[in-house]
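*Asks:* Structure: entry.txt, compact mmCIF, C-alpha atoms and all ligand atoms.
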```
# COMPACT_ATOMS: atom_id res chain seq x y z
CA MET A 4 61.18 -253.29 -115.90
CA ARG A 5 57.83 -251.55 -116.38
CA ARG A 6 56.08 -254.29 -114.43
CA THR A 7 58.07 -253.65 -111.27
CA LEU A 8 58.09 -249.88 -111.57
CA LEU A 9 54.34 -249.42 -111.82
CA PRO A 10 53.44 -250.87 -108.40
CA ILE A 11 56.26 -248.90 -106.81
CA LEU A 12 55.04 -245.72 -108.48
CA ALA A 13 51.47 -246.43 -107.37
CA PHE A 14 52.71 -247.00 -103.83
CA VAL A 15 54.66 -243.73 -103.78
CA VAL A 16 51.72 -241.76 -105.20
CA GLY A 17 49.44 -243.37 -102.59
CA LEU A 18 51.86 -242.53 -99.79
CA VAL A 19 52.10 -238.88 -100.87
CA GLY A 20 48.30 -238.74 -101.07
CA LEU A 21 48.04 -240.18 -97.58
CA CYS A 22 50.51 -237.62 -96.21
CA ILE A 23 48.56 -234.75 -97.77
CA ALA A 24 45.31 -236.14 -96.35
CA ALA A 25 46.87 -236.54 -92.90
CA PHE A 26 48.21 -232.99 -93.04
CA ALA A 27 44.82 -231.60 -94.09
CA VAL A 28 43.15 -233.36 -91.16
CA LEU A 29 45.78 -232.49 -88.58
CA ALA A 30 46.69 -228.97 -89.74
CA PRO A 31 43.68 -227.13 -88.23
CA LYS A 32 44.57 -228.60 -84.83
CA THR A 33 48.22 -227.59 -84.69
CA GLN A 34 48.75 -224.89 -82.11
CA GLU A 35 52.04 -223.50 -83.31
CA GLY A 36 51.14 -222.69 -86.88
CA GLY A 37 47.37 -222.55 -86.89
CA THR A 38 45.61 -222.10 -90.20
CA SER A 39 45.36 -218.94 -92.23
CA SER A 40 42.06 -219.76 -93.89
CA VAL A 41 39.91 -218.46 -91.01
CA GLY A 42 40.40 -214.96 -89.64
CA GLY A 43 42.00 -211.95 -91.25
CA PRO A 44 42.39 -208.22 -91.15
CA PHE A 45 39.50 -206.06 -89.93
CA THR A 46 38.92 -202.44 -88.98
CA LEU A 47 36.06 -201.88 -86.55
CA THR A 48 34.94 -199.59 -83.71
CA ASN A 49 34.89 -200.81 -80.11
CA GLN A 50 32.18 -200.09 -77.54
CA ASP A 51 34.10 -197.01 -76.40
CA GLY A 52 34.06 -195.54 -79.91
CA GLN A 53 37.75 -196.27 -80.61
CA ARG A 54 38.84 -197.51 -84.02
CA VAL A 55 40.59 -200.88 -83.72
CA THR A 56 42.07 -203.53 -86.01
CA GLU A 57 42.96 -207.21 -85.59
CA ARG A 58 46.47 -206.06 -84.63
CA ASP A 59 45.13 -204.60 -81.39
CA TYR A 60 44.24 -208.12 -80.23
CA ALA A 61 47.22 -209.97 -81.70
CA GLY A 62 50.08 -211.13 -79.48
CA ARG A 63 48.01 -213.46 -77.34
CA THR A 64 45.32 -216.09 -77.80
CA HIS A 65 41.83 -214.59 -77.88
CA LEU A 66 38.24 -215.57 -78.66
CA VAL A 67 36.05 -214.24 -81.46
CA PHE A 68 32.28 -214.56 -81.59
CA PHE A 69 29.67 -213.05 -83.95
CA GLY A 70 26.27 -211.90 -82.70
CA PHE A 71 23.90 -209.02 -82.07
CA THR A 72 22.29 -207.39 -79.06
CA HIS A 73 18.71 -208.15 -80.16
CA CYS A 74 19.49 -211.88 -80.30
CA PRO A 75 16.77 -213.62 -78.23
CA ASP A 76 18.76 -216.49 -76.75
CA VAL A 77 21.89 -217.82 -78.43
CA CYS A 78 24.03 -214.69 -78.02
CA PRO A 79 23.19 -213.90 -74.38
CA THR A 80 23.70 -217.57 -73.47
CA THR A 81 27.02 -217.74 -75.29
CA LEU A 82 28.23 -214.46 -73.77
CA GLN A 83 27.32 -215.77 -70.33
CA GLN A 84 29.17 -219.03 -71.02
CA ILE A 85 32.23 -217.21 -72.35
CA GLY A 86 32.27 -215.18 -69.14
CA ASP A 87 32.05 -218.39 -67.09
CA VAL A 88 35.01 -219.88 -69.01
CA LEU A 89 37.08 -216.70 -68.62
CA ARG A 90 36.44 -216.71 -64.86
CA ALA A 91 37.26 -220.43 -64.70
CA LEU A 92 40.67 -219.66 -66.24
CA GLY A 93 41.58 -217.88 -63.01
CA PRO A 94 44.63 -215.56 -62.99
CA LYS A 95 45.85 -217.14 -66.23
CA GLY A 96 42.95 -215.56 -68.11
CA LYS A 97 43.48 -212.08 -66.68
CA ASP A 98 44.43 -210.62 -70.09
CA THR A 99 42.37 -212.94 -72.27
CA ARG A 100 39.92 -211.08 -74.47
CA ALA A 101 36.78 -212.25 -76.24
CA LEU A 102 35.71 -210.16 -79.24
CA PHE A 103 31.96 -209.92 -79.80
CA ILE A 104 31.59 -208.72 -83.39
CA ALA A 105 28.14 -207.23 -84.06
CA VAL A 106 26.46 -208.57 -87.19
CA ASP A 107 23.65 -206.00 -86.90
CA PRO A 108 25.55 -202.69 -87.18
CA GLU A 109 22.29 -200.90 -88.01
CA ARG A 110 21.10 -201.26 -84.42
CA ASP A 111 24.35 -202.19 -82.68
CA THR A 112 26.10 -198.86 -82.34
CA PRO A 113 29.10 -198.63 -79.98
CA GLU A 114 26.75 -197.16 -77.35
CA ALA A 115 24.24 -200.02 -77.73
CA LEU A 116 27.06 -202.55 -77.42
CA LYS A 117 28.45 -200.85 -74.34
CA ALA A 118 25.08 -200.88 -72.59
CA TYR A 119 24.43 -204.49 -73.56
CA LEU A 120 27.86 -205.83 -72.61
CA ALA A 121 27.71 -204.21 -69.17
CA SER A 122 25.80 -207.35 -68.06
CA PHE A 123 28.68 -209.64 -69.07
CA ASP A 124 32.33 -210.23 -68.24
CA PRO A 125 34.38 -207.06 -68.83
CA ARG A 126 36.93 -209.03 -70.86
CA ILE A 127 34.31 -209.30 -73.61
CA VAL A 128 34.94 -206.50 -76.12
CA GLY A 129 32.13 -205.30 -78.39
CA LEU A 130 33.07 -204.43 -81.97
CA THR A 131 30.90 -202.85 -84.66
CA GLY A 132 31.32 -200.68 -87.73
CA THR A 133 29.77 -199.70 -91.02
CA PRO A 134 27.87 -202.48 -92.82
CA GLU A 135 30.88 -202.80 -95.17
CA GLU A 136 33.37 -203.10 -92.30
CA VAL A 137 31.24 -205.72 -90.56
CA SER A 138 30.80 -207.65 -93.84
CA ALA A 139 34.56 -207.69 -94.32
CA ALA A 140 35.07 -209.14 -90.83
CA VAL A 141 32.32 -211.72 -91.37
CA LYS A 142 33.97 -212.74 -94.63
CA ALA A 143 37.44 -212.90 -93.07
CA TYR A 144 36.18 -215.37 -90.44
CA ARG A 145 34.11 -217.27 -93.00
CA ALA A 146 31.08 -216.67 -90.83
CA TYR A 147 27.49 -216.85 -92.00
CA VAL A 148 25.09 -213.94 -91.46
CA ARG A 149 21.62 -213.44 -92.87
CA LYS A 150 19.00 -210.78 -92.18
CA VAL A 151 15.58 -212.37 -91.72
CA PRO A 152 12.33 -210.31 -91.64
CA THR A 153 9.94 -211.18 -88.80
CA LYS A 154 6.11 -211.15 -88.85
CA ASP A 155 5.82 -207.88 -86.96
CA GLY A 156 7.73 -206.02 -89.67
CA ASP A 157 10.93 -206.15 -87.65
CA TYR A 158 13.94 -208.33 -88.43
CA THR A 159 16.34 -210.75 -86.82
CA MET A 160 19.79 -211.98 -87.81
CA GLU A 161 20.79 -215.56 -88.45
CA HIS A 162 24.45 -215.99 -87.74
CA THR A 163 27.32 -218.39 -87.06
CA ALA A 164 27.38 -219.19 -83.35
CA LEU A 165 30.91 -220.60 -83.39
CA VAL A 166 33.37 -219.37 -80.76
CA TYR A 167 36.70 -219.07 -82.55
CA VAL A 168 39.95 -219.53 -80.64
CA MET A 169 42.53 -217.36 -82.42
CA ASN A 170 46.23 -217.46 -81.57
CA GLY A 171 48.55 -214.47 -81.12
CA GLN A 172 49.22 -214.37 -84.85
CA ASN A 173 45.49 -214.13 -85.56
CA ARG A 174 45.33 -217.67 -86.84
CA PHE A 175 42.45 -219.97 -86.11
CA LEU A 176 43.29 -222.72 -83.62
CA ASN A 177 39.96 -224.33 -82.84
CA ALA A 178 36.29 -223.77 -82.14
CA LEU A 179 35.62 -223.66 -78.41
CA ASN A 180 32.95 -226.11 -77.36
CA LEU A 181 30.82 -224.51 -74.64
CA ALA A 182 28.38 -227.40 -74.25
CA ARG A 183 30.19 -228.67 -71.16
CA PRO A 184 31.13 -227.40 -67.70
CA PRO A 185 33.08 -224.09 -67.91
CA GLU A 186 36.03 -225.68 -66.05
CA GLU A 187 36.45 -228.22 -68.86
CA ALA A 188 36.30 -225.60 -71.61
CA ALA A 189 38.71 -223.44 -69.58
CA ALA A 190 41.17 -226.32 -69.18
CA GLU A 191 41.23 -226.79 -72.96
CA LEU A 192 41.53 -223.06 -73.59
CA ALA A 193 44.32 -222.75 -70.99
CA ARG A 194 46.45 -225.13 -73.04
CA MET A 195 46.13 -222.75 -76.00
CA LEU A 196 46.97 -219.55 -74.10
NI NI B 201 22.71 -214.59 -81.68
```
What does the file become when written as structure tokens?
Ligand code: NI

*Replies:*
Amino acid sequence: MRRTLLPILAFVVGLVGLCIAAFAVLAPKTQEGGTSSVGGPFTLTNQDGQRVTERDYAGRTHLVFFGFTHCPDVCPTTLQQIGDVLRALGPKGKDTRALFIAVDPERDTPEALKAYLASFDPRIVGLTGTPEEVSAAVKAYRAYVRKVPTKDGDYTMEHTALVYVMNGQNRFLNALNLARPPEEAAAELARML
């Protein structure tokens, strides 16, 4: 009896393990549910000085990106690319928002963000706050931010350059790959809107 049961038990355990593994791999890609591990509540101030929370952007798929206005290249390039993708969405992207969360609140006041973002697509919203508020948002999105002193006594910020696609329930759907023509990225994003 024991001899026949053991292989069956091993098979069942293996099957359950396989199902869990498959779920873990496929779960972050599911559009309907999304995953709750990335993203979360935040309270920040937008570039117009208004206090906002994640609930203000819930209800429809939106993008989230961390950066700072003194960023030499990655941020301006990414903001330009996000604008290209939003324009490539056409009328479908009319109400799509991209949240640019400032990781350098010391220098990135709402006014500084407003001036900086004037060069980019108006659907990109600048968000900043106290260092504690920004830290909470960084933590909620599991982003990485580090202040790095520069030779001239100034500083720069190392940060996650991921563009998060969040669904209407503020759940992470995918990271948007911008290293391709904007039309391609827009086509993928359109399927998640
Ligand atoms: Ni940057």

*Asks:* With distances taken over all atoms listed in the file, which of A:Leu165, A:Ala193, A:Leu181, A:Leu176 is nearest to A:Gly86?

*Replies:* A:Leu181

*Asks:* Extract, using only C-alpha atoms, all DNA, RNA and protein residues at most 9 Å from A:Pro134, discarding same-chain residues fewer than 6 positions from it, and format them as number ranges by chain.

*Replies:* A: 106-109

*Asks:* Please determine, counting all atoms listed in the file, which residue among A:Asn177, A:Thr112, A:Thr81, A:Asn170 has the shortest atom-to-atom distance to ligand NI 201 (chain B).

*Replies:* A:Thr81

*Asks:* Within 12 Å of A:Thr133, counting all atoms listed in the file, which residues qualify if same-chain residues fewer than 6 places away don't, as an MDAnalysis selection string?

*Replies:* chainID A and resid 45:48 54 104:113 139:140

*Asks:* Between atom CA of A:Gly93 and atom CA of A:Gly129, measure the distance and give it in Å to one decimal.

*Replies:*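 About the pair atom CA of A:Gly93 and atom CA of A:Gly129: they are 22.0 Å apart.
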
*Asks:* Figure out the distance between atom CA of A:Gly42 and atom CA of A:Phe175, please, to one decimal in Å.

*Replies:* 6.5 Å
